[in-house]
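> Okay, so here is start.tsv, and as you'll see once you scroll down, it has TSV, C-alpha atoms.
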```
chain	number	residue	atom	x	y	z
A	1	MET	CA	5.80	0.31	-1.04
A	2	VAL	CA	2.75	-1.85	-0.36
A	3	ARG	CA	-0.58	-0.07	-0.71
A	4	SER	CA	-2.71	-1.71	1.94
A	5	GLY	CA	-4.33	1.17	3.76
A	6	ALA	CA	-3.19	3.77	6.22
A	7	SER	CA	-4.40	1.87	9.27
A	8	ALA	CA	-4.69	-1.68	10.47
A	9	GLU	CA	-8.40	-1.72	9.68
A	10	LEU	CA	-10.19	-1.48	6.36
A	11	THR	CA	-12.04	1.82	6.47
A	12	SER	CA	-14.48	3.50	4.17
A	13	LYS	CA	-11.95	6.25	3.50
A	14	LYS	CA	-11.17	6.40	-0.20
A	15	GLU	CA	-7.56	6.76	-1.32
A	16	GLU	CA	-6.40	8.41	-4.49
A	17	THR	CA	-2.94	8.71	-5.95
A	18	ALA	CA	-2.06	10.74	-9.04
A	19	MET	CA	0.80	9.14	-10.95
A	20	ALA	CA	2.74	9.96	-14.09
A	21	LYS	CA	0.00	8.96	-16.53
A	22	LEU	CA	-2.64	7.03	-14.64
A	23	ASP	CA	-4.92	8.16	-11.86
A	24	ILE	CA	-5.22	5.30	-9.36
A	25	TYR	CA	-8.26	5.13	-7.10
A	26	GLN	CA	-8.39	2.51	-4.33
A	27	PHE	CA	-11.47	1.78	-2.21
A	28	PRO	CA	-12.77	-0.96	0.09
A	29	THR	CA	-15.18	-3.61	-1.13
A	30	ARG	CA	-16.61	-6.80	0.37
A	31	SER	CA	-15.44	-7.39	3.94
A	32	ASP	CA	-11.70	-7.15	3.28
A	33	ASN	CA	-11.06	-6.69	-0.45
A	34	TYR	CA	-9.72	-3.62	-2.18
A	35	GLY	CA	-11.22	-2.31	-5.37
A	36	VAL	CA	-8.84	-0.40	-7.62
A	37	LEU	CA	-9.58	1.69	-10.69
A	38	ILE	CA	-6.83	2.95	-12.98
A	39	HIS	CA	-7.66	5.79	-15.36
A	40	ASP	CA	-5.80	7.42	-18.22
A	41	PRO	CA	-6.98	11.05	-18.19
A	42	GLU	CA	-5.71	11.64	-21.73
A	43	THR	CA	-7.85	8.93	-23.36
A	44	GLY	CA	-10.55	8.29	-20.77
A	45	ALA	CA	-9.69	4.57	-20.62
A	46	THR	CA	-10.44	3.08	-17.21
A	47	ALA	CA	-9.72	-0.40	-15.87
A	48	ALA	CA	-10.77	-2.16	-12.73
A	49	ILE	CA	-8.13	-4.40	-11.22
A	50	ASP	CA	-10.27	-7.47	-10.53
A	51	ALA	CA	-13.99	-7.16	-9.89
A	52	PRO	CA	-14.80	-8.39	-6.37
A	53	GLU	CA	-18.39	-7.08	-6.68
A	54	ALA	CA	-20.11	-4.77	-9.13
A	55	GLU	CA	-21.90	-2.16	-7.00
A	56	PRO	CA	-18.87	-0.58	-5.25
A	57	ILE	CA	-17.06	-0.43	-8.59
A	58	LYS	CA	-20.08	1.23	-10.24
A	59	ALA	CA	-20.28	3.70	-7.34
A	60	ALA	CA	-16.57	4.53	-7.60
A	61	LEU	CA	-16.87	5.02	-11.36
A	62	GLY	CA	-19.84	7.34	-10.82
A	63	GLN	CA	-18.04	9.30	-8.13
A	64	LYS	CA	-15.03	9.84	-10.39
A	65	GLY	CA	-17.04	10.38	-13.59
A	66	TRP	CA	-15.12	7.59	-15.34
A	67	THR	CA	-16.39	4.94	-17.77
A	68	LEU	CA	-15.15	1.37	-17.40
A	69	THR	CA	-13.36	0.10	-20.50
A	70	ASP	CA	-11.41	-2.86	-19.08
A	71	ILE	CA	-11.11	-5.32	-16.23
A	72	LEU	CA	-7.63	-6.74	-15.52
A	73	VAL	CA	-8.12	-10.00	-13.63
A	74	THR	CA	-5.32	-11.37	-11.45
A	75	HIS	CA	-6.84	-14.80	-10.74
A	76	HIS	CA	-10.05	-16.80	-10.87
A	77	HIS	CA	-11.29	-16.75	-7.25
A	78	ALA	CA	-14.86	-15.49	-6.84
A	79	ASP	CA	-13.83	-12.70	-4.45
A	80	HIS	CA	-11.93	-11.23	-7.42
A	81	THR	CA	-14.34	-12.09	-10.25
A	82	ALA	CA	-17.91	-12.01	-8.87
A	83	GLY	CA	-18.64	-8.58	-10.36
A	84	ILE	CA	-17.39	-9.27	-13.88
A	85	ASP	CA	-20.66	-10.36	-15.50
A	86	ALA	CA	-22.68	-7.40	-14.21
A	87	LEU	CA	-19.97	-4.87	-15.11
A	88	LYS	CA	-19.44	-6.33	-18.57
A	89	LYS	CA	-23.19	-6.35	-19.23
A	90	LYS	CA	-23.50	-2.70	-18.16
A	91	THR	CA	-20.38	-1.32	-19.87
A	92	GLY	CA	-19.28	-3.75	-22.59
A	93	CYS	CA	-15.78	-3.63	-21.08
A	94	THR	CA	-12.98	-5.95	-22.18
A	95	VAL	CA	-11.98	-8.59	-19.64
A	96	THR	CA	-8.31	-9.59	-19.60
A	97	GLY	CA	-6.88	-12.35	-17.42
A	98	PRO	CA	-4.43	-15.21	-17.04
A	99	ALA	CA	-4.42	-17.71	-19.91
A	100	ARG	CA	-3.77	-20.54	-17.46
A	101	GLU	CA	-7.13	-19.82	-15.79
A	102	ALA	CA	-9.13	-19.02	-18.93
A	103	GLY	CA	-11.86	-21.58	-18.30
A	104	LEU	CA	-12.41	-20.32	-14.75
A	105	ILE	CA	-12.88	-16.58	-15.35
A	106	PRO	CA	-16.32	-15.40	-16.50
A	107	GLY	CA	-16.50	-13.23	-19.61
A	108	LEU	CA	-12.78	-13.47	-20.38
A	109	ASP	CA	-11.97	-11.79	-23.72
A	110	VAL	CA	-8.16	-11.59	-23.71
A	111	GLU	CA	-5.81	-14.24	-22.30
A	112	VAL	CA	-2.37	-13.09	-21.12
A	113	LYS	CA	0.84	-14.74	-20.00
A	114	GLU	CA	4.33	-13.80	-18.81
A	115	GLY	CA	5.85	-11.01	-20.89
A	116	ASP	CA	2.61	-9.85	-22.51
A	117	THR	CA	1.71	-6.17	-22.47
A	118	VAL	CA	-1.66	-4.67	-21.58
A	119	GLU	CA	-2.66	-1.15	-22.53
A	120	ILE	CA	-5.01	1.12	-20.64
A	121	GLY	CA	-5.18	4.15	-22.87
A	122	ASN	CA	-1.59	5.33	-23.28
A	123	ALA	CA	-0.32	3.40	-20.24
A	124	LYS	CA	1.44	0.10	-20.80
A	125	GLY	CA	1.53	-2.66	-18.22
A	126	HIS	CA	3.62	-5.80	-18.22
A	127	VAL	CA	2.15	-9.15	-17.26
A	128	ILE	CA	4.14	-11.06	-14.66
A	129	GLU	CA	3.09	-14.64	-13.94
A	130	THR	CA	2.95	-14.96	-10.15
A	131	PRO	CA	1.49	-18.41	-9.40
A	132	GLY	CA	1.38	-19.86	-5.92
A	133	HIS	CA	-1.97	-18.69	-4.56
A	134	THR	CA	-3.51	-20.11	-7.75
A	135	ARG	CA	-1.83	-21.97	-10.60
A	136	GLY	CA	-2.25	-19.15	-13.12
A	137	HIS	CA	-2.18	-15.97	-11.00
A	138	VAL	CA	-0.74	-12.90	-12.75
A	139	SER	CA	0.31	-9.42	-11.63
A	140	TYR	CA	0.28	-6.23	-13.72
A	141	PHE	CA	3.31	-3.91	-13.55
A	142	PHE	CA	3.04	-0.38	-14.94
A	143	PRO	CA	6.67	0.84	-14.88
A	144	GLU	CA	6.04	4.46	-15.92
A	145	GLU	CA	3.49	4.80	-13.14
A	146	GLY	CA	5.66	2.94	-10.63
A	147	ALA	CA	2.79	0.63	-9.68
A	148	VAL	CA	2.21	-3.10	-9.59
A	149	PHE	CA	-1.14	-4.79	-8.98
A	150	VAL	CA	-0.52	-8.13	-7.29
A	151	GLY	CA	-3.94	-9.55	-6.38
A	152	ASP	CA	-3.38	-12.23	-3.74
A	153	THR	CA	0.33	-12.86	-4.28
A	154	LEU	CA	1.66	-10.26	-1.83
A	155	PHE	CA	0.17	-8.36	1.12
A	156	SER	CA	1.56	-5.74	3.48
A	157	VAL	CA	2.63	-8.34	6.05
A	158	GLY	CA	2.74	-11.60	4.11
A	159	CYS	CA	1.77	-13.46	0.98
A	160	GLY	CA	-1.33	-15.25	-0.26
A	161	LYS	CA	-2.26	-18.71	0.96
A	162	LEU	CA	-0.88	-21.56	-1.09
A	163	LEU	CA	-4.25	-22.86	-2.26
A	164	GLU	CA	-3.18	-24.32	-5.61
A	165	GLY	CA	0.59	-23.95	-5.54
A	166	ASP	CA	3.48	-24.79	-3.28
A	167	ALA	CA	6.14	-22.84	-1.38
A	168	PRO	CA	8.85	-23.01	-4.08
A	169	THR	CA	6.39	-21.71	-6.69
A	170	MET	CA	5.29	-18.85	-4.46
A	171	TRP	CA	8.91	-18.03	-3.61
A	172	SER	CA	9.69	-17.78	-7.31
A	173	SER	CA	6.74	-15.42	-7.78
A	174	LEU	CA	7.72	-13.24	-4.82
A	175	SER	CA	11.28	-13.14	-6.16
A	176	LYS	CA	9.99	-11.68	-9.45
A	177	LEU	CA	8.24	-8.90	-7.52
A	178	ALA	CA	11.27	-8.30	-5.29
A	179	VAL	CA	13.40	-7.18	-8.25
A	180	LEU	CA	11.00	-4.40	-9.26
A	181	PRO	CA	12.33	-0.90	-8.57
A	182	PRO	CA	12.26	-0.18	-4.82
A	183	GLU	CA	10.00	2.85	-5.27
A	184	THR	CA	7.27	0.69	-6.87
A	185	GLU	CA	3.94	0.96	-5.07
A	186	VAL	CA	2.33	-2.43	-4.54
A	187	TYR	CA	-1.47	-2.61	-4.69
A	188	CYS	CA	-2.73	-5.82	-3.11
A	189	GLY	CA	-6.19	-7.36	-3.29
A	190	HIS	CA	-7.02	-7.49	0.44
A	191	GLU	CA	-6.58	-5.68	3.74
A	192	TYR	CA	-5.21	-8.32	6.12
A	193	THR	CA	-2.99	-6.15	8.31
A	194	ASN	CA	-5.26	-6.31	11.35
A	195	ALA	CA	-5.85	-10.06	10.99
```
In structure tokens, what does this structure look like?


Amino acid sequence: MVRSGASAELTSKKEETAMAKLDIYQFPTRSDNYGVLIHDPETGATAAIDAPEAEPIKAALGQKGWTLTDILVTHHHADHTAGIDALKKKTGCTVTGPAREAGLIPGLDVEVKEGDTVEIGNAKGHVIETPGHTRGHVSYFFPEEGAVFVGDTLFSVGCGKLLEGDAPTMWSSLSKLAVLPPETEVYCGHEYTNA
């Protein structure tokens, strides 16, 4: 299932889904991005999936009463990384992102590649390399929560533009996502349904 909003337009309505271990909170940011926070209620660990801009993420954290501990970056584009510096300065969070884009992501602390595991509290996510939109794009799959965070690889009615990759590379990436369990909820980085 692709999580891209209940309607064809990006609205200010906040969405929240309680999963097995993580609470997942999705909200609009910028003109067409999604912000997503994942929170382990047992440990208090909270990660932002990408950081399109700092203020909406800070507001969402305040609304939920959560403290940011991590940012999981899918790729280097500014509409996914512009808020990193301000959030890291405010919270001291750990920034994790694709090793193949290490020099392009501000404040990167941990470099990941295919097969690596990330931990947000007690929840474990698997790194899947999904290049095509960018050369080093990654997605984060949390199997126990039944959720995958795909940045700009996959949207509700298409895939990301091939800005640094080619069609065969993107097809390979989409094929990796296609074999995930069918009940997996897909959280994408933008609302493009109306466009």

> Using all atoms listed in the file and a cutoff of 8 Å, can you tell me which residues are near (1.0, -6.3, -19.0) in the file's coordinates, and write them out as a VMD selection string?

chain A and resid 112 115 to 119 124 to 128 140 to 142

> Hey, which of A:Ile24, A:Glu145, A:Cys93, A:Val150 ends up closest to Asn122 in chain A? Count all atoms listed in the file.

A:Glu145

> Give me, as a list in words, all polymer residues having an atom no more than 12 Å from Ala59 in chain A, counting only C-alpha atoms and skipping those fewer than 3 positions away in the same chain.

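Neighbouring residues, sequence-local ones excluded: Lys14, Phe27, Pro28, Thr29, Gly35, Leu37, Glu53, Ala54, Glu55, Pro56, Gly62, Gln63, Lys64, Gly65, Trp66, Thr67, Leu68 and Leu87 of chain A.
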
> Using Å and a single decimal, report how far CA of Glu129 in chain A sits from CA of Val110 in chain A.

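Those two atoms sit 15.2 Å apart.
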
> From the list A:Val73, A:Leu154, A:Ala47, A:Ala78, which residue is nearest Lys113 in chain A when using all atoms listed in the file?

A:Val73

> Compute the distance from (-4.9, -10.4, -6.7) to each atom, counting all atoms listed in the file, keep the residues with any atom at most 6 Å away, and return them as a ChimeraX atom specification; use the coordinates of the file.

/A:74,150-152,189

> Just give me the gap between CA of Asp70 in chain A and CA of Ala51 in chain A in Å, one decimal is fine.

10.5 Å

> Of the candidates A:Leu174, A:Ala45, A:Cys188, A:Ala60, which shows the shortest atom-to-atom distance to Pro131 in chain A, using all atoms listed in the file?

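Among A:Leu174, A:Ala45, A:Cys188, A:Ala60, it is A:Leu174 that comes nearest to Pro131 in chain A.
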